[in-house]
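Visitor: Here you go, structure-v7.cif (mmCIF, C-alpha atoms, pLDDT in the B column; chains and numbers go by the auth columns):
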data_my_file
loop_
_atom_site.group_PDB
_atom_site.id
_atom_site.type_symbol
_atom_site.label_atom_id
_atom_site.label_comp_id
_atom_site.label_asym_id
_atom_site.label_seq_id
_atom_site.Cartn_x
_atom_site.Cartn_y
_atom_site.Cartn_z
_atom_site.B_iso_or_equiv
_atom_site.auth_seq_id
_atom_site.auth_asym_id
ATOM 1 C CA MET A 1 0.000 0.000 0.000 82.00 1 E
ATOM 2 C CA THR A 2 1.307 3.432 -0.926 87.00 2 E
ATOM 3 C CA GLY A 3 1.744 6.209 1.591 95.00 3 E
ATOM 4 C CA ILE A 4 -1.013 8.398 0.154 98.00 4 E
ATOM 5 C CA LYS A 5 -3.468 5.502 -0.004 98.00 5 E
ATOM 6 C CA ARG A 6 -2.835 4.746 3.653 97.00 6 E
ATOM 7 C CA ALA A 7 -3.086 8.421 4.643 98.00 7 E
ATOM 8 C CA ILE A 8 -6.419 8.861 2.851 98.00 8 E
ATOM 9 C CA GLU A 9 -7.894 5.590 4.105 96.00 9 E
ATOM 10 C CA GLU A 10 -6.869 6.435 7.679 97.00 10 E
ATOM 11 C CA PHE A 11 -8.407 9.931 7.406 97.00 11 E
ATOM 12 C CA ASP A 12 -5.077 11.612 8.157 97.00 12 E
ATOM 13 C CA GLN A 13 -6.081 14.799 6.276 98.00 13 E
ATOM 14 C CA PRO A 14 -3.366 14.562 3.581 98.00 14 E
ATOM 15 C CA LEU A 15 -2.690 17.540 1.325 98.00 15 E
ATOM 16 C CA GLY A 16 -1.800 17.563 -2.352 98.00 16 E
ATOM 17 C CA THR A 17 -1.155 20.115 -5.051 98.00 17 E
ATOM 18 C CA TRP A 18 -2.228 20.144 -8.699 98.00 18 E
ATOM 19 C CA LEU A 19 0.283 19.932 -11.565 98.00 19 E
ATOM 20 C CA SER A 20 -0.722 20.860 -15.092 98.00 20 E
ATOM 21 C CA ILE A 21 2.716 21.983 -16.318 98.00 21 E
ATOM 22 C CA GLY A 22 4.178 18.879 -17.923 98.00 22 E
ATOM 23 C CA HIS A 23 7.789 19.058 -16.830 98.00 23 E
ATOM 24 C CA PRO A 24 9.788 16.912 -14.361 98.00 24 E
ATOM 25 C CA THR A 25 11.336 20.028 -12.811 98.00 25 E
ATOM 26 C CA VAL A 26 7.932 21.247 -11.674 98.00 26 E
ATOM 27 C CA ALA A 27 7.084 17.817 -10.269 98.00 27 E
ATOM 28 C CA GLU A 28 10.419 17.478 -8.481 98.00 28 E
ATOM 29 C CA ALA A 29 10.237 20.987 -7.024 98.00 29 E
ATOM 30 C CA ALA A 30 6.688 20.490 -5.756 98.00 30 E
ATOM 31 C CA ALA A 31 7.573 17.098 -4.286 98.00 31 E
ATOM 32 C CA GLY A 32 10.452 18.694 -2.420 97.00 32 E
ATOM 33 C CA LEU A 33 7.933 20.632 -0.348 97.00 33 E
ATOM 34 C CA ASP A 34 5.869 19.238 2.507 91.00 34 E
ATOM 35 C CA VAL A 35 2.980 17.876 0.428 97.00 35 E
ATOM 36 C CA ASP A 36 1.709 14.321 0.660 98.00 36 E
ATOM 37 C CA PHE A 37 1.064 13.948 -3.056 98.00 37 E
ATOM 38 C CA VAL A 38 1.020 15.719 -6.386 98.00 38 E
ATOM 39 C CA LEU A 39 -1.874 15.318 -8.788 98.00 39 E
ATOM 40 C CA VAL A 40 -0.643 15.136 -12.387 98.00 40 E
ATOM 41 C CA ASP A 41 -3.475 16.134 -14.714 98.00 41 E
ATOM 42 C CA MET A 42 -3.748 14.347 -18.051 98.00 42 E
ATOM 43 C CA GLU A 43 -7.410 15.186 -18.677 98.00 43 E
ATOM 44 C CA HIS A 44 -7.084 18.867 -19.514 98.00 44 E
ATOM 45 C CA THR A 45 -3.448 19.109 -20.555 98.00 45 E
ATOM 46 C CA THR A 46 -1.324 17.949 -23.479 97.00 46 E
ATOM 47 C CA MET A 47 0.684 15.539 -21.334 98.00 47 E
ATOM 48 C CA CYS A 48 1.568 12.165 -22.836 97.00 48 E
ATOM 49 C CA LEU A 49 2.651 8.979 -21.077 98.00 49 E
ATOM 50 C CA GLU A 50 6.351 9.758 -21.504 98.00 50 E
ATOM 51 C CA THR A 51 5.835 13.136 -19.833 98.00 51 E
ATOM 52 C CA VAL A 52 3.973 11.595 -16.911 98.00 52 E
ATOM 53 C CA GLU A 53 6.686 8.974 -16.497 98.00 53 E
ATOM 54 C CA GLY A 54 9.317 11.716 -16.370 98.00 54 E
ATOM 55 C CA MET A 55 7.302 13.613 -13.778 98.00 55 E
ATOM 56 C CA ALA A 56 6.925 10.472 -11.658 98.00 56 E
ATOM 57 C CA ARG A 57 10.710 10.091 -11.755 98.00 57 E
ATOM 58 C CA GLY A 58 11.045 13.734 -10.693 98.00 58 E
ATOM 59 C CA VAL A 59 8.793 13.124 -7.696 98.00 59 E
ATOM 60 C CA ASP A 60 10.724 9.991 -6.756 97.00 60 E
ATOM 61 C CA ALA A 61 14.002 11.910 -7.001 97.00 61 E
ATOM 62 C CA ALA A 62 12.907 14.566 -4.502 97.00 62 E
ATOM 63 C CA GLU A 63 13.620 14.248 -0.824 94.00 63 E
ATOM 64 C CA GLY A 64 10.633 13.268 1.263 92.00 64 E
ATOM 65 C CA ASP A 65 7.696 10.923 0.861 96.00 65 E
ATOM 66 C CA THR A 66 5.540 12.690 -1.707 98.00 66 E
ATOM 67 C CA ASP A 67 3.551 10.337 -3.951 98.00 67 E
ATOM 68 C CA THR A 68 2.319 10.727 -7.523 98.00 68 E
ATOM 69 C CA VAL A 69 -1.375 10.462 -8.359 98.00 69 E
ATOM 70 C CA VAL A 70 -2.494 10.820 -11.984 99.00 70 E
ATOM 71 C CA ARG A 71 -5.851 12.146 -13.164 98.00 71 E
ATOM 72 C CA VAL A 72 -6.444 10.152 -16.350 98.00 72 E
ATOM 73 C CA PRO A 73 -8.248 11.587 -19.389 98.00 73 E
ATOM 74 C CA TRP A 74 -11.133 9.121 -19.056 98.00 74 E
ATOM 75 C CA ASN A 75 -12.226 5.944 -17.313 98.00 75 E
ATOM 76 C CA ASP A 76 -10.606 3.846 -20.040 98.00 76 E
ATOM 77 C CA PRO A 77 -9.059 0.465 -19.094 98.00 77 E
ATOM 78 C CA VAL A 78 -6.470 0.702 -21.880 97.00 78 E
ATOM 79 C CA GLN A 79 -5.251 4.100 -20.712 97.00 79 E
ATOM 80 C CA LEU A 80 -5.427 3.077 -17.063 98.00 80 E
ATOM 81 C CA LYS A 81 -3.220 0.007 -17.410 97.00 81 E
ATOM 82 C CA ARG A 82 -0.546 2.033 -19.177 98.00 82 E
ATOM 83 C CA ILE A 83 -0.627 4.695 -16.471 98.00 83 E
ATOM 84 C CA VAL A 84 -0.279 2.306 -13.537 98.00 84 E
ATOM 85 C CA ASP A 85 2.515 0.429 -15.320 98.00 85 E
ATOM 86 C CA ILE A 86 4.555 3.610 -14.799 98.00 86 E
ATOM 87 C CA GLY A 87 4.594 2.790 -11.102 97.00 87 E
ATOM 88 C CA ILE A 88 2.521 5.584 -9.593 98.00 88 E
ATOM 89 C CA ALA A 89 0.733 5.656 -6.254 98.00 89 E
ATOM 90 C CA GLY A 90 -2.792 6.372 -7.387 98.00 90 E
ATOM 91 C CA VAL A 91 -5.301 7.194 -10.088 98.00 91 E
ATOM 92 C CA MET A 92 -8.183 9.646 -10.255 98.00 92 E
ATOM 93 C CA ALA A 93 -10.848 9.053 -12.910 98.00 93 E
ATOM 94 C CA PRO A 94 -13.119 11.900 -14.048 98.00 94 E
ATOM 95 C CA MET A 95 -16.881 11.949 -14.583 98.00 95 E
ATOM 96 C CA ILE A 96 -17.804 8.797 -12.683 98.00 96 E
ATOM 97 C CA GLY A 97 -21.592 8.753 -12.925 98.00 97 E
ATOM 98 C CA THR A 98 -22.717 5.308 -11.821 98.00 98 E
ATOM 99 C CA ALA A 99 -21.700 2.457 -9.572 98.00 99 E
ATOM 100 C CA GLU A 100 -21.018 0.326 -12.649 98.00 100 E
ATOM 101 C CA GLU A 101 -18.591 2.916 -13.977 98.00 101 E
ATOM 102 C CA ALA A 102 -16.871 2.856 -10.589 99.00 102 E
ATOM 103 C CA ARG A 103 -16.626 -0.936 -10.743 98.00 103 E
ATOM 104 C CA THR A 104 -15.118 -0.635 -14.245 98.00 104 E
ATOM 105 C CA LEU A 105 -12.458 1.664 -12.783 98.00 105 E
ATOM 106 C CA VAL A 106 -11.622 -0.781 -10.000 98.00 106 E
ATOM 107 C CA ARG A 107 -11.424 -3.764 -12.366 98.00 107 E
ATOM 108 C CA ALA A 108 -9.105 -1.868 -14.733 98.00 108 E
ATOM 109 C CA LEU A 109 -6.583 -1.410 -11.916 98.00 109 E
ATOM 110 C CA ARG A 110 -6.553 -5.025 -10.745 98.00 110 E
ATOM 111 C CA TYR A 111 -5.032 -8.156 -12.182 98.00 111 E
ATOM 112 C CA PRO A 112 -7.162 -11.278 -12.816 98.00 112 E
ATOM 113 C CA PRO A 113 -9.100 -12.863 -11.313 97.00 113 E
ATOM 114 C CA ASP A 114 -10.197 -9.647 -9.557 97.00 114 E
ATOM 115 C CA GLY A 115 -9.895 -7.439 -12.629 98.00 115 E
ATOM 116 C CA ILE A 116 -8.770 -7.097 -16.217 98.00 116 E
ATOM 117 C CA ARG A 117 -5.387 -5.378 -15.940 98.00 117 E
ATOM 118 C CA GLY A 118 -2.884 -6.890 -18.362 97.00 118 E
ATOM 119 C CA ILE A 119 0.298 -8.372 -16.925 96.00 119 E
ATOM 120 C CA ALA A 120 3.666 -7.210 -18.200 94.00 120 E
ATOM 121 C CA GLY A 121 7.112 -6.150 -17.077 94.00 121 E
ATOM 122 C CA SER A 122 7.213 -2.377 -16.563 96.00 122 E
ATOM 123 C CA ARG A 123 8.629 0.360 -14.390 97.00 123 E
ATOM 124 C CA ALA A 124 6.078 -0.659 -11.758 98.00 124 E
ATOM 125 C CA THR A 125 7.642 -4.131 -11.581 97.00 125 E
ATOM 126 C CA GLY A 126 11.224 -2.877 -11.540 97.00 126 E
ATOM 127 C CA TYR A 127 11.369 -3.641 -15.260 96.00 127 E
ATOM 128 C CA GLY A 128 10.643 -7.266 -14.476 95.00 128 E
ATOM 129 C CA ARG A 129 13.030 -7.680 -11.560 96.00 129 E
ATOM 130 C CA ASN A 130 10.129 -7.712 -9.084 96.00 130 E
ATOM 131 C CA PHE A 131 7.619 -9.121 -11.537 94.00 131 E
ATOM 132 C CA GLU A 132 6.048 -11.951 -9.549 96.00 132 E
ATOM 133 C CA GLU A 133 6.046 -10.146 -6.213 96.00 133 E
ATOM 134 C CA TYR A 134 4.441 -7.059 -7.728 97.00 134 E
ATOM 135 C CA VAL A 135 1.694 -8.983 -9.526 97.00 135 E
ATOM 136 C CA GLU A 136 0.898 -10.950 -6.369 97.00 136 E
ATOM 137 C CA THR A 137 0.581 -7.846 -4.196 97.00 137 E
ATOM 138 C CA ALA A 138 -0.572 -5.058 -6.540 97.00 138 E
ATOM 139 C CA ASN A 139 -4.332 -5.608 -6.351 98.00 139 E
ATOM 140 C CA GLY A 140 -5.832 -3.074 -3.986 97.00 140 E
ATOM 141 C CA SER A 141 -2.522 -1.264 -3.485 97.00 141 E
ATOM 142 C CA ILE A 142 -3.181 1.611 -5.920 98.00 142 E
ATOM 143 C CA LEU A 143 -5.182 4.555 -4.607 98.00 143 E
ATOM 144 C CA THR A 144 -8.424 4.592 -6.595 98.00 144 E
ATOM 145 C CA VAL A 145 -10.360 7.871 -6.641 98.00 145 E
ATOM 146 C CA ALA A 146 -13.707 8.473 -8.351 99.00 146 E
ATOM 147 C CA GLN A 147 -14.527 12.033 -9.327 98.00 147 E
ATOM 148 C CA ILE A 148 -18.063 13.249 -8.686 98.00 148 E
ATOM 149 C CA GLU A 149 -18.661 16.146 -11.035 98.00 149 E
ATOM 150 C CA THR A 150 -21.933 15.573 -12.896 98.00 150 E
ATOM 151 C CA GLN A 151 -25.615 15.563 -11.982 98.00 151 E
ATOM 152 C CA GLN A 152 -25.650 11.823 -12.609 98.00 152 E
ATOM 153 C CA GLY A 153 -22.689 11.306 -10.325 98.00 153 E
ATOM 154 C CA LEU A 154 -24.337 13.420 -7.630 98.00 154 E
ATOM 155 C CA ASP A 155 -27.574 11.466 -7.952 98.00 155 E
ATOM 156 C CA ASN A 156 -25.709 8.153 -7.635 98.00 156 E
ATOM 157 C CA VAL A 157 -23.013 9.199 -5.176 98.00 157 E
ATOM 158 C CA ALA A 158 -24.232 6.936 -2.360 98.00 158 E
ATOM 159 C CA GLU A 159 -24.032 3.863 -4.597 98.00 159 E
ATOM 160 C CA ILE A 160 -20.650 4.909 -6.026 99.00 160 E
ATOM 161 C CA ALA A 161 -19.225 5.361 -2.526 98.00 161 E
ATOM 162 C CA ARG A 162 -20.214 1.806 -1.602 98.00 162 E
ATOM 163 C CA VAL A 163 -18.377 0.176 -4.520 98.00 163 E
ATOM 164 C CA ASP A 164 -15.695 -2.144 -3.172 98.00 164 E
ATOM 165 C CA GLY A 165 -12.285 -0.856 -4.219 98.00 165 E
ATOM 166 C CA ILE A 166 -13.187 2.836 -4.442 98.00 166 E
ATOM 167 C CA ASP A 167 -10.850 4.380 -1.889 98.00 167 E
ATOM 168 C CA ALA A 168 -12.074 7.959 -2.099 98.00 168 E
ATOM 169 C CA LEU A 169 -14.454 10.354 -3.784 98.00 169 E
ATOM 170 C CA PHE A 170 -13.303 13.674 -5.195 98.00 170 E
ATOM 171 C CA VAL A 171 -15.540 16.593 -6.060 98.00 171 E
ATOM 172 C CA GLY A 172 -14.554 18.320 -9.303 97.00 172 E
ATOM 173 C CA PRO A 173 -15.835 21.798 -8.410 97.00 173 E
ATOM 174 C CA ALA A 174 -15.763 23.421 -11.844 97.00 174 E
ATOM 175 C CA ASP A 175 -17.596 20.648 -13.693 98.00 175 E
ATOM 176 C CA LEU A 176 -20.056 20.040 -10.875 98.00 176 E
ATOM 177 C CA SER A 177 -20.918 23.719 -10.603 98.00 177 E
ATOM 178 C CA ALA A 178 -21.494 23.873 -14.366 98.00 178 E
ATOM 179 C CA ALA A 179 -23.623 20.706 -14.296 98.00 179 E
ATOM 180 C CA LEU A 180 -25.822 22.300 -11.634 98.00 180 E
ATOM 181 C CA ASP A 181 -26.077 25.564 -13.621 98.00 181 E
ATOM 182 C CA LEU A 182 -24.070 27.270 -10.892 97.00 182 E
ATOM 183 C CA PHE A 183 -20.795 27.732 -12.714 97.00 183 E
ATOM 184 C CA ALA A 184 -18.164 29.424 -10.525 95.00 184 E
ATOM 185 C CA GLU A 185 -20.700 30.155 -7.784 96.00 185 E
ATOM 186 C CA TRP A 186 -18.254 28.585 -5.324 94.00 186 E
ATOM 187 C CA HIS A 187 -19.850 30.092 -2.250 91.00 187 E
ATOM 188 C CA SER A 188 -23.530 29.793 -3.141 96.00 188 E
ATOM 189 C CA GLU A 189 -25.827 27.976 -0.745 97.00 189 E
ATOM 190 C CA GLU A 190 -26.994 25.557 -3.453 97.00 190 E
ATOM 191 C CA PHE A 191 -23.427 24.603 -4.378 97.00 191 E
ATOM 192 C CA ASP A 192 -22.575 24.109 -0.712 97.00 192 E
ATOM 193 C CA HIS A 193 -25.544 21.745 -0.430 97.00 193 E
ATOM 194 C CA ALA A 194 -24.187 19.673 -3.328 98.00 194 E
ATOM 195 C CA LEU A 195 -20.747 19.482 -1.728 98.00 195 E
ATOM 196 C CA GLU A 196 -22.252 18.480 1.574 97.00 196 E
ATOM 197 C CA ALA A 197 -24.291 15.731 -0.118 98.00 197 E
ATOM 198 C CA VAL A 198 -21.078 14.155 -1.410 98.00 198 E
ATOM 199 C CA VAL A 199 -19.454 14.444 2.013 98.00 199 E
ATOM 200 C CA ARG A 200 -22.479 12.804 3.651 98.00 200 E
ATOM 201 C CA ALA A 201 -22.397 9.927 1.164 98.00 201 E
ATOM 202 C CA GLY A 202 -18.718 9.408 1.852 98.00 202 E
ATOM 203 C CA ASN A 203 -19.277 9.484 5.606 98.00 203 E
ATOM 204 C CA ALA A 204 -22.105 6.967 5.355 98.00 204 E
ATOM 205 C CA ALA A 205 -19.876 4.555 3.414 98.00 205 E
ATOM 206 C CA ASP A 206 -16.750 5.339 5.475 98.00 206 E
ATOM 207 C CA VAL A 207 -15.075 6.594 2.292 98.00 207 E
ATOM 208 C CA PRO A 208 -12.945 9.774 2.416 98.00 208 E
ATOM 209 C CA VAL A 209 -13.964 12.739 0.265 98.00 209 E
ATOM 210 C CA GLY A 210 -11.687 15.402 -1.187 98.00 210 E
ATOM 211 C CA THR A 211 -11.878 18.416 -3.449 98.00 211 E
ATOM 212 C CA LEU A 212 -9.754 21.081 -5.134 98.00 212 E
ATOM 213 C CA THR A 213 -9.271 24.625 -3.841 96.00 213 E
ATOM 214 C CA VAL A 214 -7.605 26.732 -6.514 94.00 214 E
ATOM 215 C CA ASP A 215 -7.945 29.751 -4.234 92.00 215 E
ATOM 216 C CA VAL A 216 -6.006 28.770 -1.120 90.00 216 E
ATOM 217 C CA GLN A 217 -8.133 31.161 0.926 92.00 217 E
ATOM 218 C CA ASP A 218 -10.971 28.642 0.541 94.00 218 E
ATOM 219 C CA ILE A 219 -9.048 25.956 2.437 96.00 219 E
ATOM 220 C CA PRO A 220 -10.550 26.671 5.896 97.00 220 E
ATOM 221 C CA LYS A 221 -14.107 26.585 4.543 96.00 221 E
ATOM 222 C CA ARG A 222 -13.636 23.281 2.729 96.00 222 E
ATOM 223 C CA VAL A 223 -12.052 21.708 5.801 97.00 223 E
ATOM 224 C CA SER A 224 -14.950 22.946 7.934 97.00 224 E
ATOM 225 C CA GLN A 225 -17.391 21.393 5.452 97.00 225 E
ATOM 226 C CA GLY A 226 -15.980 17.996 6.309 98.00 226 E
ATOM 227 C CA PHE A 227 -13.618 17.237 3.424 98.00 227 E
ATOM 228 C CA ASP A 228 -11.065 14.622 4.427 98.00 228 E
ATOM 229 C CA PHE A 229 -8.290 15.718 2.068 98.00 229 E
ATOM 230 C CA LEU A 230 -7.612 18.620 -0.267 98.00 230 E
ATOM 231 C CA ILE A 231 -5.658 19.467 -3.369 98.00 231 E
ATOM 232 C CA ALA A 232 -4.648 23.072 -2.746 97.00 232 E
ATOM 233 C CA GLY A 233 -3.564 25.328 -5.568 95.00 233 E
ATOM 234 C CA LYS A 234 -2.642 24.699 -9.197 97.00 234 E
ATOM 235 C CA ASP A 235 0.854 25.245 -10.496 98.00 235 E
ATOM 236 C CA VAL A 236 -0.114 27.671 -13.271 97.00 236 E
ATOM 237 C CA SER A 237 -2.420 29.689 -11.008 96.00 237 E
ATOM 238 C CA LEU A 238 0.160 29.887 -8.223 96.00 238 E
ATOM 239 C CA LEU A 239 2.834 30.947 -10.716 97.00 239 E
ATOM 240 C CA MET A 240 0.649 33.695 -12.158 97.00 240 E
ATOM 241 C CA ASP A 241 -0.407 34.866 -8.696 96.00 241 E
ATOM 242 C CA GLY A 242 3.247 35.130 -7.707 96.00 242 E
ATOM 243 C CA ILE A 243 4.112 37.153 -10.804 98.00 243 E
ATOM 244 C CA GLU A 244 1.130 39.461 -10.288 97.00 244 E
ATOM 245 C CA THR A 245 2.224 40.051 -6.693 97.00 245 E
ATOM 246 C CA ALA A 246 5.701 40.968 -7.912 98.00 246 E
ATOM 247 C CA ILE A 247 4.227 43.357 -10.493 98.00 247 E
ATOM 248 C CA ASP A 248 2.047 45.047 -7.885 97.00 248 E
ATOM 249 C CA GLU A 249 4.965 45.405 -5.471 97.00 249 E
ATOM 250 C CA TYR A 250 7.155 46.874 -8.195 97.00 250 E
ATOM 251 C CA ASP A 251 4.483 49.294 -9.398 97.00 251 E
ATOM 252 C CA GLU A 252 3.901 50.495 -5.837 96.00 252 E
ATOM 253 C CA ALA A 253 7.608 50.950 -5.196 97.00 253 E
ATOM 254 C CA ALA A 254 8.169 52.725 -8.516 97.00 254 E
ATOM 255 C CA ALA A 255 5.227 55.057 -7.938 96.00 255 E
ATOM 256 C CA SER A 256 6.582 56.139 -4.556 91.00 256 E
ATOM 257 C CA LYS A 257 10.135 56.762 -5.823 82.00 257 E
#
Using structure tokens, write down the structure that the file contains.
Guide:
Amino acid sequence: MTGIKRAIEEFDQPLGTWLSIGHPTVAEAAAGLDVDFVLVDMEHTTMCLETVEGMARGVDAAEGDTDTVVRVPWNDPVQLKRIVDIGIAGVMAPMIGTAEEARTLVRALRYPPDGIRGIAGSRATGYGRNFEEYVETANGSILTVAQIETQQGLDNVAEIARVDGIDALFVGPADLSAALDLFAEWHSEEFDHALEAVVRAGNAADVPVGTLTVDVQDIPKRVSQGFDFLIAGKDVSLLMDGIETAIDEYDEAAASK
């Protein structure tokens, strides 16, 4: 079992950060900080498998115990098996709408007879050096996260949470707000009710629930709403915020000269 899987399952309130810049330097630098995991996003970026593999190596090269979790483009068994062969700690699948889709996700990450994952030598198996041991112990060791971000997913969240092998739920705030015709109304009462419904479903099934806070000022509110883990900040947003702060400081200093 990976460190992040254990931390989430034990409700240790782990913290991650979101990476959409496809470069190992960014992954290594982020992993060198005191975060429990980085989320590498393949759904809404141009990242390919080779890029993700390089970023996983960057995380592994950093000091500390940061793990790599990958948000795949879709709940596709072919894509999923190639991702986990890289040797990452966990997978997040977007747009999970039904319990059957959640079961498809779980089966894609497990070897027969529990699933349909193909068996091969890969980075995950030490390029074959740990082949038999890995295959015998891999099932259930990969953090498996189902994203709830559609009306269908919200309607079926209780059933999704009860699927054996789903380790956590994750609210995708942008897509869920759009699906509810509340796009970007992050602090509206109706959106809060939707978030709380996911948290309640997770609590009832003893399954942790997380979400993303692009604005780090929202962290206290999301924690108070009962989320068990957070992904705080996105690399591009944090970079741009830092540059804007520098611009403002310079403009203020120059104006007072």
Visitor: For the structure provided, state which residues fall under the PyMOL selection byres ((chain E and resi 201-217) around 9), and present them as number ranges by chain.
Guide: E: 8-11, 17-18, 157-162, 166-173, 196-200, 218-222, 226-234, 237-238
Visitor: Here is a test: counting all atoms listed in the file, which residue of E:Leu180, E:Ile96, E:Leu33, E:Ile119 is nearest to Asn156 in chain E?
Guide: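 Using all atoms listed in the file, Asn156 in chain E sits closest to E:Ile96.
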Visitor: Closest to Gln147 in chain E among E:Arg71, E:His23, E:Arg57, E:Lys5, using only C-alpha atoms?
Guide: E:Arg71
Visitor: Within 7 Å of Ala108 in chain E, counting all atoms listed in the file, which residues show up once you throw out same-chain ones fewer than 5 positions away? Write them as a ChimeraX atom specification, please.
Guide: /E:77,80-81,115-117
Visitor: List the residues sitting within 7 Å of (1.6, 11.2, -6.2) in the file's frame, using only C-alpha atoms, as a list in words.
Guide: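 Counting only C-alpha atoms, I find these residues within 7 Å of (1.6, 11.2, -6.2): Phe37, Val38, Leu39, Thr66, Asp67, Thr68, Val69, Ile88, Ala89 and Gly90 of chain E.
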Visitor: Pick out the residues sitting within 8 Å of Ala56 in chain E, and hand them over as an MDAnalysis selection string; count only C-alpha atoms, and ignore anything fewer than 4 positions along from it in its own chain.
Guide: chainID E and resid 24 27 52 60 68 86 88
Visitor: For Glu133 in chain E, which residue out of E:Val145, E:Gly121, E:Ala93, E:Ala102 is the nearest one, using only C-alpha atoms?
Guide: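 Using only C-alpha atoms, the shortest distance to Glu133 in chain E belongs to E:Gly121.
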Visitor: Go through E:Glu53, E:Glu190, E:Glu63, E:Asp76 and flag the residue nearest Met95 in chain E, using only C-alpha atoms for the distances.
Guide: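 Among the listed residues, E:Asp76 lies closest to Met95 in chain E.
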Visitor: Point out the residue among E:His187, E:Val135, E:Thr98, E:Asp192 with the least atom-to-atom distance to Ile148 in chain E, counting only C-alpha atoms.
Guide: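 Comparing E:His187, E:Val135, E:Thr98, E:Asp192 against Ile148 in chain E, the winner is E:Thr98.
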Visitor: Take CA of Ala30 in chain E and CA of Ala174 in chain E and report the distance between them in Å, one decimal.
Guide: 23.4 Å
Visitor: Skipping near chain neighbours, those fewer than 3 positions away, what residues fall within 10 Å of Val236 in chain E using all atoms listed in the file, listed as a list in words?
Guide: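 Once the nearby chain positions are removed, what remains is Trp18, Leu19, Ser20, Ile21, Gly233, Leu239, Met240, Asp241 and Gly242 of chain E.
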Visitor: At a cut-off of 7 Å, using only C-alpha atoms, what residues contact Tyr134 in chain E? Leave out same-chain residues fewer than 4 positions from it and give the result as a ChimeraX atom specification.
Guide: /E:125,130,138
Visitor: Can you tell me how far CA of Arg123 in chain E sits from CA of Asp65 in chain E, in Å to one decimal?
Guide: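 Computed distance, CA of Arg123 in chain E to CA of Asp65 in chain E, equals 18.6 Å.
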Visitor: Which protein, DNA or RNA residues are at most 10 Å from (-7.9, -1.6, 1.0) in the file's coordinates when you count only C-alpha atoms, listed as number ranges by chain?
Guide: E: 1, 5-6, 9, 139-144, 164-167
Visitor: Figure out the distance between CA of Glu50 in chain E and CA of Leu109 in chain E, please, to one decimal in Å.
Guide: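 Between these atoms lies a distance of 19.6 Å.
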Visitor: Could you write out as a list of chain:residue names the residues that the PyMOL selection byres ((chain E and resi 179) around 12) matches in the shown file?
Guide: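 Taken over the shown coordinates, the PyMOL selection byres ((chain E and resi 179) around 12) returns E:Met95, E:Ile148, E:Glu149, E:Thr150, E:Gln151, E:Gln152, E:Gly153, E:Leu154, E:Asp155, E:Gly172, E:Pro173, E:Ala174, E:Asp175, E:Leu176, E:Ser177, E:Ala178, E:Leu180, E:Asp181, E:Leu182, E:Phe183, E:Ala184, E:Glu185, E:Phe191, E:Ala194.
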Visitor: The selected residues should be written to file as a PDB file, in the coordinates of the input (atoms: C-alpha atoms).
Guide:
ATOM      1  CA  MET E  95     -16.881  11.949 -14.583  1.00 98.00           C
ATOM      2  CA  ILE E 148     -18.063  13.249  -8.686  1.00 98.00           C
ATOM      3  CA  GLU E 149     -18.661  16.146 -11.035  1.00 98.00           C
ATOM      4  CA  THR E 150     -21.933  15.573 -12.896  1.00 98.00           C
ATOM      5  CA  GLN E 151     -25.615  15.563 -11.982  1.00 98.00           C
ATOM      6  CA  GLN E 152     -25.650  11.823 -12.609  1.00 98.00           C
ATOM      7  CA  GLY E 153     -22.689  11.306 -10.325  1.00 98.00           C
ATOM      8  CA  LEU E 154     -24.337  13.420  -7.630  1.00 98.00           C
ATOM      9  CA  ASP E 155     -27.574  11.466  -7.952  1.00 98.00           C
ATOM     10  CA  GLY E 172     -14.554  18.320  -9.303  1.00 97.00           C
ATOM     11  CA  PRO E 173     -15.835  21.798  -8.410  1.00 97.00           C
ATOM     12  CA  ALA E 174     -15.763  23.421 -11.844  1.00 97.00           C
ATOM     13  CA  ASP E 175     -17.596  20.648 -13.693  1.00 98.00           C
ATOM     14  CA  LEU E 176     -20.056  20.040 -10.875  1.00 98.00           C
ATOM     15  CA  SER E 177     -20.918  23.719 -10.603  1.00 98.00           C
ATOM     16  CA  ALA E 178     -21.494  23.873 -14.366  1.00 98.00           C
ATOM     17  CA  LEU E 180     -25.822  22.300 -11.634  1.00 98.00           C
ATOM     18  CA  ASP E 181     -26.077  25.564 -13.621  1.00 98.00           C
ATOM     19  CA  LEU E 182     -24.070  27.270 -10.892  1.00 97.00           C
ATOM     20  CA  PHE E 183     -20.795  27.732 -12.714  1.00 97.00           C
ATOM     21  CA  ALA E 184     -18.164  29.424 -10.525  1.00 95.00           C
ATOM     22  CA  GLU E 185     -20.700  30.155  -7.784  1.00 96.00           C
ATOM     23  CA  PHE E 191     -23.427  24.603  -4.378  1.00 97.00           C
ATOM     24  CA  ALA E 194     -24.187  19.673  -3.328  1.00 98.00           C
TER      25      ALA E 194
END
Visitor: Which of these residues is nearest to Gly64 in chain E, using only C-alpha atoms: E:Gln13, E:Val26, E:Gly3, E:Thr46?
Guide: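 The shortest atom-to-atom distance to Gly64 in chain E comes from E:Gly3.
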Visitor: Missing atoms in range 247-251 of chain E: can you complete it with N, CA and C atoms, as a compact mmCIF listing (two decimals), in the frame of the given file?
Guide:
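Result saved to rebuild-v8.txt:
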# COMPACT_ATOMS: atom_id res chain seq x y z
N ILE E 247 4.56 42.18 -9.69
CA ILE E 247 4.23 43.36 -10.49
C ILE E 247 3.64 44.45 -9.62
N ASP E 248 2.68 44.06 -8.76
CA ASP E 248 2.05 45.05 -7.88
C ASP E 248 3.06 45.69 -6.94
N GLU E 249 3.97 44.87 -6.38
CA GLU E 249 4.96 45.40 -5.47
C GLU E 249 5.91 46.38 -6.19
N TYR E 250 6.26 46.02 -7.42
CA TYR E 250 7.16 46.87 -8.20
C TYR E 250 6.46 48.19 -8.54
N ASP E 251 5.20 48.09 -9.03
CA ASP E 251 4.48 49.29 -9.40
C ASP E 251 4.33 50.24 -8.21
